[in-house]
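What follows is model19.txt (compact mmCIF, C-alpha atoms and all ligand atoms).
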# COMPACT_ATOMS: atom_id res chain seq x y z
CA MET A 1 16.97 -24.94 -4.21
CA TYR A 2 13.87 -22.76 -4.52
CA ASP A 3 10.53 -23.66 -6.04
CA ILE A 4 10.41 -20.46 -8.07
CA ILE A 5 13.01 -17.84 -8.92
CA ILE A 6 11.73 -14.51 -10.19
CA VAL A 7 14.08 -12.28 -12.20
CA GLY A 8 13.21 -8.60 -11.66
CA ALA A 9 11.47 -6.90 -8.73
CA GLY A 10 9.22 -4.62 -10.76
CA PRO A 11 5.42 -4.69 -10.48
CA ALA A 12 5.20 -7.93 -12.52
CA GLY A 13 7.90 -9.78 -10.56
CA MET A 14 6.68 -8.70 -7.14
CA THR A 15 3.06 -9.61 -7.98
CA ALA A 16 4.30 -13.02 -9.13
CA ALA A 17 6.08 -13.34 -5.76
CA VAL A 18 2.83 -12.60 -3.90
CA TYR A 19 0.92 -15.24 -5.87
CA ALA A 20 3.68 -17.86 -5.61
CA LYS A 21 4.03 -17.35 -1.84
CA ARG A 22 0.27 -17.59 -1.37
CA ALA A 23 0.42 -20.91 -3.22
CA GLY A 24 2.89 -22.08 -0.57
CA LYS A 25 6.03 -22.03 -2.74
CA SER A 26 9.55 -20.95 -1.76
CA VAL A 27 10.45 -17.84 -3.75
CA LEU A 28 13.65 -15.95 -4.49
CA VAL A 29 13.41 -12.60 -6.27
CA LEU A 30 16.61 -11.38 -7.93
CA GLU A 31 16.85 -7.68 -8.76
CA ALA A 32 19.64 -5.74 -10.48
CA SER A 33 19.00 -2.32 -8.92
CA GLY A 34 16.35 -1.51 -6.28
CA TYR A 35 12.82 -2.93 -6.02
CA GLY A 36 10.02 -1.24 -7.93
CA GLY A 37 11.18 -1.12 -11.54
CA GLN A 38 10.32 1.78 -13.84
CA ILE A 39 7.42 3.02 -11.78
CA ILE A 40 9.60 4.55 -9.06
CA LYS A 41 10.24 7.41 -11.50
CA ALA A 42 6.54 8.28 -11.61
CA ALA A 43 5.54 11.14 -9.32
CA GLU A 44 1.92 10.08 -9.41
CA ILE A 45 -0.16 7.14 -10.53
CA ARG A 46 -3.84 7.80 -11.13
CA ASN A 47 -4.99 4.74 -13.01
CA TYR A 48 -4.29 1.78 -10.76
CA PRO A 49 -7.56 0.26 -9.52
CA THR A 50 -8.29 1.25 -5.88
CA GLU A 51 -5.61 3.99 -5.88
CA LYS A 52 -6.85 7.50 -6.67
CA ASN A 53 -3.38 9.00 -6.53
CA ILE A 54 -0.24 7.32 -5.27
CA SER A 55 3.44 7.99 -5.94
CA GLY A 56 5.50 5.37 -7.74
CA VAL A 57 7.75 4.86 -4.74
CA GLU A 58 4.81 4.38 -2.41
CA PHE A 59 3.19 1.92 -4.81
CA ALA A 60 6.44 -0.07 -5.15
CA THR A 61 7.05 -0.06 -1.40
CA LYS A 62 3.55 -1.34 -0.62
CA LEU A 63 3.97 -4.20 -3.07
CA TYR A 64 7.46 -5.00 -1.78
CA GLU A 65 6.25 -5.10 1.81
CA GLN A 66 3.35 -7.34 0.81
CA ALA A 67 5.64 -9.84 -0.93
CA GLU A 68 8.20 -9.76 1.86
CA ALA A 69 5.59 -10.23 4.59
CA LEU A 70 4.42 -13.37 2.77
CA GLY A 71 7.99 -14.70 2.94
CA ALA A 72 9.47 -13.96 -0.46
CA GLU A 73 13.26 -13.64 -0.32
CA PHE A 74 14.88 -10.72 -2.18
CA ARG A 75 18.48 -10.48 -3.31
CA PHE A 76 19.88 -7.48 -5.13
CA GLU A 77 22.03 -9.14 -7.77
CA LYS A 78 21.81 -8.81 -11.54
CA VAL A 79 21.00 -12.05 -13.36
CA ILE A 80 23.37 -12.72 -16.22
CA GLY A 81 22.13 -16.09 -17.43
CA ILE A 82 19.72 -18.97 -17.01
CA GLU A 83 20.53 -22.59 -17.81
CA ASP A 84 17.81 -25.13 -18.47
CA LYS A 85 18.54 -28.55 -16.94
CA GLY A 86 14.98 -29.83 -17.38
CA SER A 87 13.47 -30.14 -13.92
CA GLU A 88 16.10 -27.75 -12.55
CA LYS A 89 16.94 -24.27 -13.76
CA LEU A 90 20.26 -22.68 -12.85
CA VAL A 91 20.10 -18.94 -12.46
CA THR A 92 23.45 -17.16 -12.43
CA THR A 93 23.89 -13.67 -11.04
CA VAL A 94 26.93 -11.43 -10.78
CA ALA A 95 27.46 -12.91 -7.30
CA ASP A 96 26.24 -16.53 -7.26
CA THR A 97 24.25 -19.33 -8.90
CA TYR A 98 20.82 -20.37 -7.61
CA THR A 99 18.61 -23.33 -8.49
CA ALA A 100 14.84 -23.48 -8.91
CA GLY A 101 12.16 -25.71 -10.39
CA ALA A 102 10.67 -22.82 -12.34
CA VAL A 103 11.78 -19.33 -13.35
CA ILE A 104 9.73 -16.25 -14.13
CA VAL A 105 11.53 -13.61 -16.19
CA ALA A 106 10.01 -10.23 -15.31
CA THR A 107 12.81 -7.94 -16.42
CA GLY A 108 10.65 -5.19 -17.92
CA SER A 109 12.23 -2.66 -20.24
CA ASP A 110 14.83 0.07 -20.25
CA SER A 111 15.19 3.31 -22.21
CA ARG A 112 16.51 2.86 -25.73
CA LYS A 113 19.88 4.49 -26.32
CA LEU A 114 20.77 6.52 -29.39
CA GLY A 115 23.92 4.48 -29.79
CA ILE A 116 26.31 7.42 -30.25
CA ALA A 117 29.89 7.47 -28.95
CA ASP A 118 30.24 8.60 -25.30
CA GLU A 119 26.49 8.41 -24.68
CA ASP A 120 26.90 6.12 -21.64
CA LYS A 121 29.76 8.18 -20.26
CA LEU A 122 27.67 11.35 -20.37
CA VAL A 123 24.65 10.00 -18.50
CA GLY A 124 24.32 12.34 -15.52
CA ARG A 125 26.60 14.80 -17.28
CA GLY A 126 24.06 16.11 -19.73
CA VAL A 127 22.53 13.01 -21.31
CA SER A 128 19.24 11.94 -19.76
CA TYR A 129 16.40 9.53 -20.47
CA CYS A 130 13.84 11.15 -18.16
CA ALA A 131 12.81 14.79 -18.67
CA THR A 132 10.57 14.96 -15.60
CA CYS A 133 13.38 13.50 -13.45
CA ASP A 134 16.28 15.65 -14.61
CA GLY A 135 14.69 18.68 -16.30
CA SER A 136 15.07 20.97 -13.30
CA PHE A 137 18.88 20.83 -13.58
CA PHE A 138 18.67 22.61 -16.92
CA ARG A 139 16.80 25.74 -15.85
CA GLY A 140 17.73 28.61 -18.16
CA LYS A 141 19.97 26.45 -20.35
CA ASN A 142 19.64 25.17 -23.91
CA VAL A 143 18.58 21.56 -24.31
CA ALA A 144 17.68 19.11 -27.07
CA VAL A 145 15.17 16.30 -27.17
CA ALA A 146 15.79 13.37 -29.50
CA GLY A 147 12.71 11.55 -30.78
CA GLY A 148 9.54 12.07 -32.79
CA GLY A 149 6.98 10.17 -30.75
CA SER A 150 4.53 11.32 -28.10
CA THR A 151 7.03 11.00 -25.24
CA ALA A 152 9.49 13.27 -27.05
CA VAL A 153 6.74 15.84 -27.68
CA ASP A 154 5.66 15.74 -24.02
CA ASP A 155 9.30 16.08 -22.95
CA ALA A 156 9.80 19.11 -25.20
CA LEU A 157 6.66 20.78 -23.82
CA TYR A 158 7.72 20.07 -20.24
CA LEU A 159 11.27 21.33 -20.79
CA SER A 160 10.09 24.49 -22.56
CA GLN A 161 8.89 25.75 -19.16
CA LEU A 162 12.36 25.37 -17.65
CA ALA A 163 14.95 25.68 -20.37
CA GLU A 164 15.95 28.71 -22.42
CA LYS A 165 15.60 26.90 -25.74
CA VAL A 166 14.48 23.39 -26.66
CA TYR A 167 15.48 21.74 -29.95
CA LEU A 168 13.27 18.79 -30.90
CA ILE A 169 15.27 16.56 -33.23
CA TYR A 170 13.66 13.71 -35.17
CA ARG A 171 14.45 11.63 -38.22
CA THR A 172 11.03 11.59 -39.84
CA PRO A 173 9.53 14.46 -41.87
CA LYS A 174 6.56 14.60 -39.48
CA LEU A 175 5.88 14.01 -35.82
CA SER A 176 3.85 10.85 -35.25
CA GLU A 177 1.31 12.39 -32.88
CA GLU A 178 -1.74 14.11 -34.39
CA GLY A 179 -1.83 17.83 -33.53
CA ALA A 180 1.63 17.82 -31.95
CA LYS A 181 3.04 20.46 -34.26
CA GLU A 182 0.29 22.93 -33.35
CA LYS A 183 0.75 22.29 -29.62
CA LEU A 184 4.51 22.84 -29.90
CA ALA A 185 4.09 25.98 -32.00
CA GLU A 186 2.48 27.72 -29.02
CA HIS A 187 5.87 27.71 -27.34
CA GLU A 188 8.28 30.18 -28.90
CA ASN A 189 11.35 28.56 -27.38
CA ILE A 190 10.82 25.17 -29.05
CA VAL A 191 12.66 24.68 -32.35
CA LEU A 192 11.56 21.76 -34.53
CA MET A 193 14.27 19.95 -36.45
CA PRO A 194 12.68 17.33 -38.72
CA GLU A 195 14.72 14.91 -40.84
CA CYS A 196 17.78 15.35 -38.68
CA GLY A 197 20.05 12.89 -36.93
CA ILE A 198 22.49 13.45 -34.09
CA THR A 199 25.95 12.43 -35.17
CA SER A 200 28.09 13.35 -32.19
CA LEU A 201 28.05 14.44 -28.57
CA ASN A 202 30.68 17.04 -27.84
CA ALA A 203 31.84 17.17 -24.27
CA ASP A 204 34.72 17.95 -22.05
CA LYS A 205 33.63 16.90 -18.57
CA LYS A 206 30.00 17.52 -19.41
CA LEU A 207 27.93 17.91 -22.55
CA GLU A 208 28.72 21.18 -24.34
CA SER A 209 27.13 20.72 -27.75
CA ILE A 210 25.76 18.17 -30.20
CA THR A 211 26.34 17.83 -33.91
CA VAL A 212 23.23 17.42 -36.01
CA LYS A 213 23.15 16.25 -39.59
CA HIS A 214 20.42 17.53 -41.87
CA LYS A 215 18.77 15.59 -44.72
CA ASP A 216 20.94 17.36 -47.31
CA GLY A 217 24.08 16.20 -45.53
CA THR A 218 25.04 19.52 -43.95
CA GLU A 219 26.09 19.44 -40.33
CA GLU A 220 25.37 21.92 -37.59
CA ASN A 221 26.57 22.33 -34.03
CA LEU A 222 23.97 23.14 -31.39
CA ASP A 223 25.17 24.48 -28.06
CA VAL A 224 23.17 22.50 -25.51
CA SER A 225 23.98 21.36 -22.00
CA GLY A 226 21.27 18.73 -21.97
CA LEU A 227 20.17 16.02 -24.37
CA PHE A 228 16.96 14.19 -23.50
CA VAL A 229 16.69 10.91 -25.36
CA ALA A 230 13.10 9.76 -25.95
CA VAL A 231 13.34 7.12 -28.64
CA GLY A 232 11.33 4.36 -26.98
CA ARG A 233 12.14 1.47 -24.69
CA VAL A 234 13.86 -1.86 -25.17
CA PRO A 235 12.89 -5.07 -23.40
CA GLU A 236 15.59 -6.51 -21.14
CA ASN A 237 15.58 -10.01 -22.64
CA GLN A 238 19.03 -10.16 -24.26
CA ASN A 239 20.50 -12.40 -21.55
CA PHE A 240 17.77 -15.01 -22.00
CA ALA A 241 17.44 -15.11 -25.78
CA LYS A 242 18.47 -18.78 -25.97
CA LEU A 243 15.53 -19.96 -23.85
CA ILE A 244 12.81 -17.49 -24.82
CA ASP A 245 11.55 -16.76 -28.35
CA LEU A 246 11.96 -13.06 -29.06
CA ASN A 247 10.30 -11.03 -31.80
CA GLU A 248 12.21 -8.65 -34.05
CA LYS A 249 12.00 -5.90 -31.42
CA GLY A 250 13.30 -8.16 -28.67
CA TYR A 251 10.01 -8.76 -26.84
CA ALA A 252 9.29 -12.25 -25.51
CA VAL A 253 6.80 -14.00 -27.74
CA SER A 254 4.22 -15.48 -25.42
CA GLY A 255 0.48 -15.69 -25.12
CA GLU A 256 -1.78 -14.70 -22.25
CA ASN A 257 -0.53 -17.78 -20.33
CA CYS A 258 3.01 -16.34 -20.09
CA HIS A 259 4.66 -19.57 -21.32
CA THR A 260 7.91 -19.45 -23.29
CA ALA A 261 9.68 -21.82 -25.65
CA THR A 262 11.21 -23.55 -22.59
CA PRO A 263 8.94 -25.52 -20.23
CA GLY A 264 9.31 -24.18 -16.70
CA ILE A 265 10.43 -20.71 -17.83
CA PHE A 266 7.74 -18.04 -17.89
CA VAL A 267 7.66 -14.32 -18.75
CA ALA A 268 5.66 -11.55 -17.13
CA GLY A 269 5.31 -7.81 -17.63
CA ASP A 270 6.61 -5.19 -20.03
CA ASN A 271 9.21 -7.51 -21.61
CA ARG A 272 6.44 -9.59 -23.19
CA VAL A 273 4.63 -8.99 -26.49
CA LYS A 274 1.41 -7.23 -25.56
CA GLU A 275 -0.93 -4.38 -26.46
CA LEU A 276 -0.73 -2.29 -23.29
CA ARG A 277 2.27 -1.88 -21.00
CA GLN A 278 0.99 -0.60 -17.68
CA LEU A 279 1.05 -1.50 -14.00
CA VAL A 280 -2.24 -3.30 -14.09
CA THR A 281 -1.23 -5.48 -17.04
CA ALA A 282 2.19 -6.15 -15.48
CA ALA A 283 0.48 -7.22 -12.26
CA ALA A 284 -1.93 -9.40 -14.23
CA ASP A 285 0.99 -11.14 -15.96
CA GLY A 286 2.68 -11.70 -12.60
CA ALA A 287 -0.42 -13.44 -11.29
CA VAL A 288 -0.80 -15.62 -14.39
CA ALA A 289 2.91 -16.52 -14.62
CA ALA A 290 3.07 -17.53 -10.94
CA THR A 291 -0.06 -19.65 -11.26
CA GLU A 292 1.29 -21.33 -14.41
CA ALA A 293 4.64 -21.93 -12.67
CA VAL A 294 2.87 -23.58 -9.74
CA LYS A 295 0.96 -25.81 -12.20
CA TYR A 296 4.23 -26.70 -13.94
CA LEU A 297 5.94 -27.63 -10.64
CA ARG A 298 3.20 -30.23 -10.06
CA THR A 299 4.26 -32.05 -13.22
CA LEU A 300 7.86 -32.53 -12.06
CA MET B 1 26.83 6.65 12.53
CA ALA B 2 23.77 7.97 10.77
CA VAL B 3 23.74 9.77 7.43
CA ILE B 4 24.36 13.48 8.06
CA LYS B 5 22.49 16.22 6.20
CA VAL B 6 24.90 18.88 4.99
CA ASN B 7 24.45 22.18 3.19
CA GLN B 8 26.51 24.83 1.45
CA ALA B 9 27.61 26.37 4.75
CA ASP B 10 29.04 23.27 6.41
CA PHE B 11 30.12 21.37 3.27
CA GLU B 12 33.73 22.46 3.59
CA ASN B 13 34.06 21.32 7.19
CA GLU B 14 31.96 18.18 6.99
CA VAL B 15 33.16 16.97 3.58
CA LEU B 16 36.24 18.67 2.18
CA LYS B 17 38.13 18.67 5.48
CA ALA B 18 36.91 15.28 6.71
CA ASP B 19 39.53 12.87 8.01
CA LYS B 20 38.08 9.92 6.08
CA PRO B 21 36.51 9.30 2.65
CA VAL B 22 33.09 10.89 2.30
CA LEU B 23 30.25 9.56 0.21
CA VAL B 24 28.03 12.49 -0.80
CA ASP B 25 24.49 11.57 -1.80
CA PHE B 26 22.93 14.33 -3.95
CA ASN B 27 19.15 13.94 -3.78
CA ALA B 28 15.78 15.70 -3.67
CA ASP B 29 12.41 15.12 -2.08
CA TRP B 30 10.64 14.64 -5.43
CA CYS B 31 13.08 12.00 -6.72
CA GLY B 32 11.76 8.43 -6.43
CA PRO B 33 15.03 6.55 -6.97
CA CYS B 34 16.65 8.83 -4.32
CA LYS B 35 14.06 7.68 -1.81
CA MET B 36 14.93 4.06 -2.58
CA LEU B 37 18.65 4.71 -2.18
CA GLY B 38 18.23 6.47 1.18
CA PRO B 39 17.72 3.34 3.34
CA VAL B 40 20.64 1.58 1.58
CA LEU B 41 23.00 4.43 2.52
CA GLU B 42 21.57 4.55 6.03
CA GLU B 43 22.37 0.83 6.43
CA ILE B 44 25.95 1.24 5.19
CA SER B 45 26.52 4.22 7.46
CA GLU B 46 25.37 2.18 10.49
CA GLN B 47 27.71 -0.68 9.59
CA ARG B 48 30.89 1.14 8.65
CA ASP B 49 32.90 3.78 10.39
CA ASP B 50 35.73 3.98 7.85
CA VAL B 51 33.56 6.14 5.63
CA LYS B 52 31.34 9.12 6.28
CA ILE B 53 28.02 9.39 4.46
CA VAL B 54 26.35 12.75 3.93
CA SER B 55 23.22 13.84 2.12
CA VAL B 56 22.84 17.04 0.06
CA ASN B 57 19.42 18.25 -1.01
CA VAL B 58 19.95 19.76 -4.47
CA ASP B 59 16.94 22.08 -4.26
CA ASP B 60 18.20 23.70 -1.08
CA ASN B 61 21.82 23.73 -2.21
CA ARG B 62 21.84 24.68 -5.89
CA GLU B 63 25.36 26.11 -5.77
CA LEU B 64 26.77 22.80 -4.56
CA ALA B 65 24.84 20.89 -7.20
CA GLU B 66 26.21 23.23 -9.83
CA LYS B 67 29.74 23.11 -8.49
CA TYR B 68 29.70 19.31 -8.74
CA ASP B 69 27.96 19.32 -12.15
CA ILE B 70 24.99 17.35 -10.91
CA TYR B 71 22.56 16.85 -13.81
CA SER B 72 20.74 13.75 -12.65
CA ILE B 73 19.97 12.31 -9.25
CA PRO B 74 20.51 10.24 -7.23
CA CYS B 75 24.18 10.98 -7.75
CA ILE B 76 26.81 9.62 -5.40
CA VAL B 77 30.14 11.43 -5.35
CA VAL B 78 33.01 9.98 -3.33
CA ILE B 79 35.40 12.60 -1.99
CA LYS B 80 38.80 11.89 -0.49
CA ASN B 81 40.98 14.66 0.94
CA GLY B 82 38.75 17.24 -0.67
CA GLU B 83 38.99 15.69 -4.15
CA GLU B 84 36.40 13.76 -6.11
CA VAL B 85 37.63 10.19 -6.64
CA ASN B 86 34.51 8.41 -7.86
CA ARG B 87 30.92 8.99 -8.87
CA HIS B 88 27.80 7.10 -9.85
CA VAL B 89 24.47 8.30 -11.23
CA GLY B 90 21.29 6.29 -10.58
CA LEU B 91 19.91 3.75 -8.14
CA ILE B 92 22.26 0.86 -7.35
CA PRO B 93 22.20 -1.95 -4.78
CA LYS B 94 24.26 -1.94 -1.59
CA SER B 95 27.12 -4.03 -2.99
CA ALA B 96 27.59 -1.57 -5.85
CA VAL B 97 27.62 1.40 -3.48
CA GLU B 98 30.27 -0.32 -1.39
CA ALA B 99 32.34 -0.97 -4.50
CA LEU B 100 32.47 2.80 -5.06
CA ILE B 101 34.18 3.37 -1.72
CA LYS B 102 36.61 0.45 -1.90
C1 LIG A 401 7.89 7.71 -15.76
C2 LIG A 401 6.93 6.56 -15.88
C3 LIG A 401 5.60 6.73 -15.47
C4 LIG A 401 4.69 5.68 -15.56
N1 LIG A 401 3.42 5.89 -15.12
C5 LIG A 401 2.52 4.87 -15.13
C6 LIG A 401 1.19 5.05 -14.61
O1 LIG A 401 0.82 6.13 -14.14
N2 LIG A 401 0.34 3.98 -14.63
C7 LIG A 401 0.71 2.76 -15.13
O2 LIG A 401 -0.10 1.83 -15.09
N3 LIG A 401 1.96 2.56 -15.64
C8 LIG A 401 2.86 3.58 -15.66
N4 LIG A 401 4.14 3.39 -16.17
C9 LIG A 401 4.46 2.07 -16.78
C10 LIG A 401 4.81 1.03 -15.69
O3 LIG A 401 5.81 1.57 -14.86
C11 LIG A 401 5.31 -0.27 -16.33
O4 LIG A 401 4.33 -0.78 -17.20
C12 LIG A 401 5.62 -1.31 -15.27
O5 LIG A 401 6.58 -0.83 -14.35
C13 LIG A 401 6.11 -2.62 -15.87
O6 LIG A 401 6.44 -3.50 -14.85
P1 LIG A 401 7.46 -4.71 -15.07
O7 LIG A 401 7.56 -5.38 -13.74
O8 LIG A 401 7.02 -5.52 -16.22
O9 LIG A 401 8.84 -4.06 -15.51
P2 LIG A 401 9.80 -2.97 -14.84
O10 LIG A 401 9.02 -1.99 -14.07
O11 LIG A 401 10.64 -2.49 -15.96
O12 LIG A 401 10.68 -3.80 -13.81
C14 LIG A 401 11.66 -4.72 -14.23
C15 LIG A 401 12.69 -4.91 -13.14
O13 LIG A 401 13.59 -5.94 -13.53
C16 LIG A 401 14.91 -5.55 -13.21
N5 LIG A 401 15.85 -6.26 -14.09
C17 LIG A 401 16.04 -6.08 -15.43
N6 LIG A 401 16.99 -6.91 -15.90
C18 LIG A 401 17.41 -7.64 -14.82
C19 LIG A 401 18.38 -8.67 -14.64
N7 LIG A 401 19.12 -9.13 -15.67
N8 LIG A 401 18.57 -9.18 -13.40
C20 LIG A 401 17.83 -8.74 -12.35
N9 LIG A 401 16.89 -7.76 -12.46
C21 LIG A 401 16.69 -7.22 -13.67
C22 LIG A 401 14.92 -4.05 -13.40
O14 LIG A 401 15.98 -3.46 -12.66
C23 LIG A 401 13.54 -3.67 -12.89
O15 LIG A 401 13.55 -3.40 -11.50
C24 LIG A 401 5.08 4.42 -16.10
C25 LIG A 401 6.41 4.24 -16.52
C26 LIG A 401 7.32 5.29 -16.42
C27 LIG A 401 8.74 5.08 -16.89

Mind converting the file's structure to structure tokens?
Ligand SMILES: Cc1cc2nc3c(=O)[nH]c(=O)nc-3n(C[C@H](O)[C@H](O)[C@H](O)COP(=O)(O)OP(=O)(O)OC[C@H]3O[C@@H](n4cnc5c(N)ncnc54)[C@H](O)[C@@H]3O)c2cc1C
Amino acid sequence: MYDIIIVGAGPAGMTAAVYAKRAGKSVLVLEASGYGGQIIKAAEIRNYPTEKNISGVEFATKLYEQAEALGAEFRFEKVIGIEDKGSEKLVTTVADTYTAGAVIVATGSDSRKLGIADEDKLVGRGVSYCATCDGSFFRGKNVAVAGGGSTAVDDALYLSQLAEKVYLIYRTPKLSEEGAKEKLAEHENIVLMPECGITSLNADKKLESITVKHKDGTEENLDVSGLFVAVGRVPENQNFAKLIDLNEKGYAVSGENCHTATPGIFVAGDNRVKELRQLVTAAADGAVAATEAVKYLRTL
Amino acid sequence: MAVIKVNQADFENEVLKADKPVLVDFNADWCGPCKMLGPVLEEISEQRDDVKIVSVNVDDNRELAEKYDIYSIPCIVVIKNGEEVNRHVGLIPKSAVEALIK
């Protein structure tokens, strides 16, 4: 039995671990992949107070070492469910079940999928959710970017330096970002495809082409070896929907105090309804959630 | 045994002609998740001698990356008797890496 179990070892979860340990609590952090969360994909961070320029991996490692030195226990197991037994919460992972007085869900968010057949199978074989991570594998090839927001525009601009041709495919008539069209027009190898949807991914062992459907219903095949999906992020709250109120987009509905619909279960970080999803706000949530969890444990 | 760095020149000897299954870790210096996976593979390689673990830098060995259709890293490819038998793209914990070589 632990005082506090934290689900997710991203910036929010690891900050919560630091605060909970400093309050003298026993802490187990459960993480599905490696510690660090999304930020390990960032080559540089320039907006975290006190850090002029630090890589995502270095940032994550410093925070991990801080939490571990304070005595937080880490296990790398994905959590598949939480059961509320009042003063005890049962947290089930793919490997085991653990018990705690309080739980902090700090599961962050993941890239939104397009939801087309074979999309999962082709990850690493042409389909990617991170242009800056995987772009260099598509030097001199044709690629497509799916999405009409600012991330998709940035991805298209970045890829235009590497790829032969970049198709930017979006459903809306216009790109959402002011001035984006002008910026993109400066690059001859970017082709804008408004009011289009991707209907199929055509692959043998790897992506060979995609089928795009225009507004008038006509379909077209584009020969691309890469498809970069930039259609937003989804909070990782699905496994906890019974205990946490979620809004229509799946984010945990909670105020600044990080409470949820279930006493003793708290949320922290990018998976919560909030205005700004950044490291500093994730860390702030971690601090608040841990402090609220410690307060809650006193009432048991 | 530590993780061995291999390149185009010694890939055939070190990997394709190896006498046990080889886990090939395709990575690069600029890849964050690769850096996180490194210590996990190092730990497995110290603990097990029924599998060989090698590391391939994709920037220095583009031909190998292309031959194995690497489009995202980290990418782990398991090779047995010269043939690919399993692969995984992305950062995973130790237990999941071990499941790939079972
Ligand atoms: C490329 C990139 C660059 C960025 N650059 C910056 C920047 O410069 N400055 C800045 O302030 N912010 C930046 N951000 C945003 C920042 O990374 C996030 O706001 C922050 O990581 C959110 O932290 P989190 O802990 O809430 O969630 P996450 O970082 O998403 O971490 C959640 C963790 O929970 C784990 N998890 C999920 N589900 C489960 C489960 N069921 N069981 C166990 N574990 C689970 C995940 O594996 C993950 O490790 C960037 C993001 C990206 C993608």

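Distance check against ligand LIG 401 (chain A) using all atoms listed in the file: of A:Val231, A:Val294, A:Ile45, A:Ala17, the minimum falls on A:Ile45.
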
Contacts from chain B to chain A, 10 Å maximum, all atoms listed in the file: show me the residue list as a PyMOL selection string.
chain B and resi 30-37+40+58-59+62+65-66+69-75+87-96

Can I get the selected residues back with C-alpha atoms, as a PDB file, keeping the file's coordinate frame?
ATOM      1  CA  TRP B  30      10.640  14.640  -5.430  1.00  0.00           C
ATOM      2  CA  CYS B  31      13.080  12.000  -6.720  1.00  0.00           C
ATOM      3  CA  GLY B  32      11.760   8.430  -6.430  1.00  0.00           C
ATOM      4  CA  PRO B  33      15.030   6.550  -6.970  1.00  0.00           C
ATOM      5  CA  CYS B  34      16.650   8.830  -4.320  1.00  0.00           C
ATOM      6  CA  LYS B  35      14.060   7.680  -1.810  1.00  0.00           C
ATOM      7  CA  MET B  36      14.930   4.060  -2.580  1.00  0.00           C
ATOM      8  CA  LEU B  37      18.650   4.710  -2.180  1.00  0.00           C
ATOM      9  CA  VAL B  40      20.640   1.580   1.580  1.00  0.00           C
ATOM     10  CA  VAL B  58      19.950  19.760  -4.470  1.00  0.00           C
ATOM     11  CA  ASP B  59      16.940  22.080  -4.260  1.00  0.00           C
ATOM     12  CA  ARG B  62      21.840  24.680  -5.890  1.00  0.00           C
ATOM     13  CA  ALA B  65      24.840  20.890  -7.200  1.00  0.00           C
ATOM     14  CA  GLU B  66      26.210  23.230  -9.830  1.00  0.00           C
ATOM     15  CA  ASP B  69      27.960  19.320 -12.150  1.00  0.00           C
ATOM     16  CA  ILE B  70      24.990  17.350 -10.910  1.00  0.00           C
ATOM     17  CA  TYR B  71      22.560  16.850 -13.810  1.00  0.00           C
ATOM     18  CA  SER B  72      20.740  13.750 -12.650  1.00  0.00           C
ATOM     19  CA  ILE B  73      19.970  12.310  -9.250  1.00  0.00           C
ATOM     20  CA  PRO B  74      20.510  10.240  -7.230  1.00  0.00           C
ATOM     21  CA  CYS B  75      24.180  10.980  -7.750  1.00  0.00           C
ATOM     22  CA  ARG B  87      30.920   8.990  -8.870  1.00  0.00           C
ATOM     23  CA  HIS B  88      27.800   7.100  -9.850  1.00  0.00           C
ATOM     24  CA  VAL B  89      24.470   8.300 -11.230  1.00  0.00           C
ATOM     25  CA  GLY B  90      21.290   6.290 -10.580  1.00  0.00           C
ATOM     26  CA  LEU B  91      19.910   3.750  -8.140  1.00  0.00           C
ATOM     27  CA  ILE B  92      22.260   0.860  -7.350  1.00  0.00           C
ATOM     28  CA  PRO B  93      22.200  -1.950  -4.780  1.00  0.00           C
ATOM     29  CA  LYS B  94      24.260  -1.940  -1.590  1.00  0.00           C
ATOM     30  CA  SER B  95      27.120  -4.030  -2.990  1.00  0.00           C
ATOM     31  CA  ALA B  96      27.590  -1.570  -5.850  1.00  0.00           C
TER      32      ALA B  96
END

Can you pull out the residues contacting Leu114 in chain A? Cut-off 10 Å, using only C-alpha atoms, and skip same-chain residues under 2 positions away; I want them as JSON, numbers by chain.
{"A": [111, 112, 116, 117, 119, 120, 146, 147, 197, 198, 199, 229, 230, 231, 232]}

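Using all atoms listed in the file, the shortest contact distance between ligand LIG 401 (chain A) and any of A:Gly115, A:Gly179, A:Gly108, A:Gly264 is found at A:Gly108.
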
What is the distance, in Å and to one decimal place, between atom C5 of ligand LIG 401 (chain A) and CA of Val103 in chain A?
26.0 Å

In Å, rounded to a single decimal, give me how far CA of Asp154 in chain A is from CA of Glu178 in chain A.
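If I compute the distance from CA of Glu178 in chain A to CA of Asp154 in chain A, I get 12.8 Å.
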
Hey, what's within 7 Å of Ala72 in chain A if we count all atoms listed in the file and toss same-chain stuff fewer than 6 positions away? As a PyMOL selection string, please?
chain A and resi 17+21+27-28

Record the distance separating CA of Thr151 in chain A and atom O10 of ligand LIG 401 (chain A), expressed in Å with one decimal.
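We find that CA of Thr151 in chain A and atom O10 of ligand LIG 401 (chain A) lie 17.2 Å from each other.
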
Using all atoms listed in the file and a cutoff of 12 Å, can you tell me which residues are near (0.3, 14.3, -34.0) in the file's coordinates, and write them out as a list in words?
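Protein and nucleic acid residues near the point are Gly148, Gly149, Ser150, Thr151, Ala152, Val153, Asp154, Lys174, Leu175, Ser176, Glu177, Glu178, Gly179, Ala180, Lys181, Glu182, Lys183 and Leu184 of chain A.
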
Quick one: everything within 6 Å of Val77 in chain B, counting only C-alpha atoms, minus sequence neighbours fewer than 2 positions away in the same chain. Send it as number ranges by chain.
B: 23-24, 86-87

Long-range neighbours of range 79-85 of chain B as a ChimeraX atom specification, 6 Å cut-off, all atoms listed in the file, 4 positions minimum in chain
/B:16,21-22

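In terms of minimum interatomic distance to Arg298 in chain A, A:Ala23 ranks closest within A:Ala252, A:Ala9, A:Leu207, A:Ala23, counting all atoms listed in the file.
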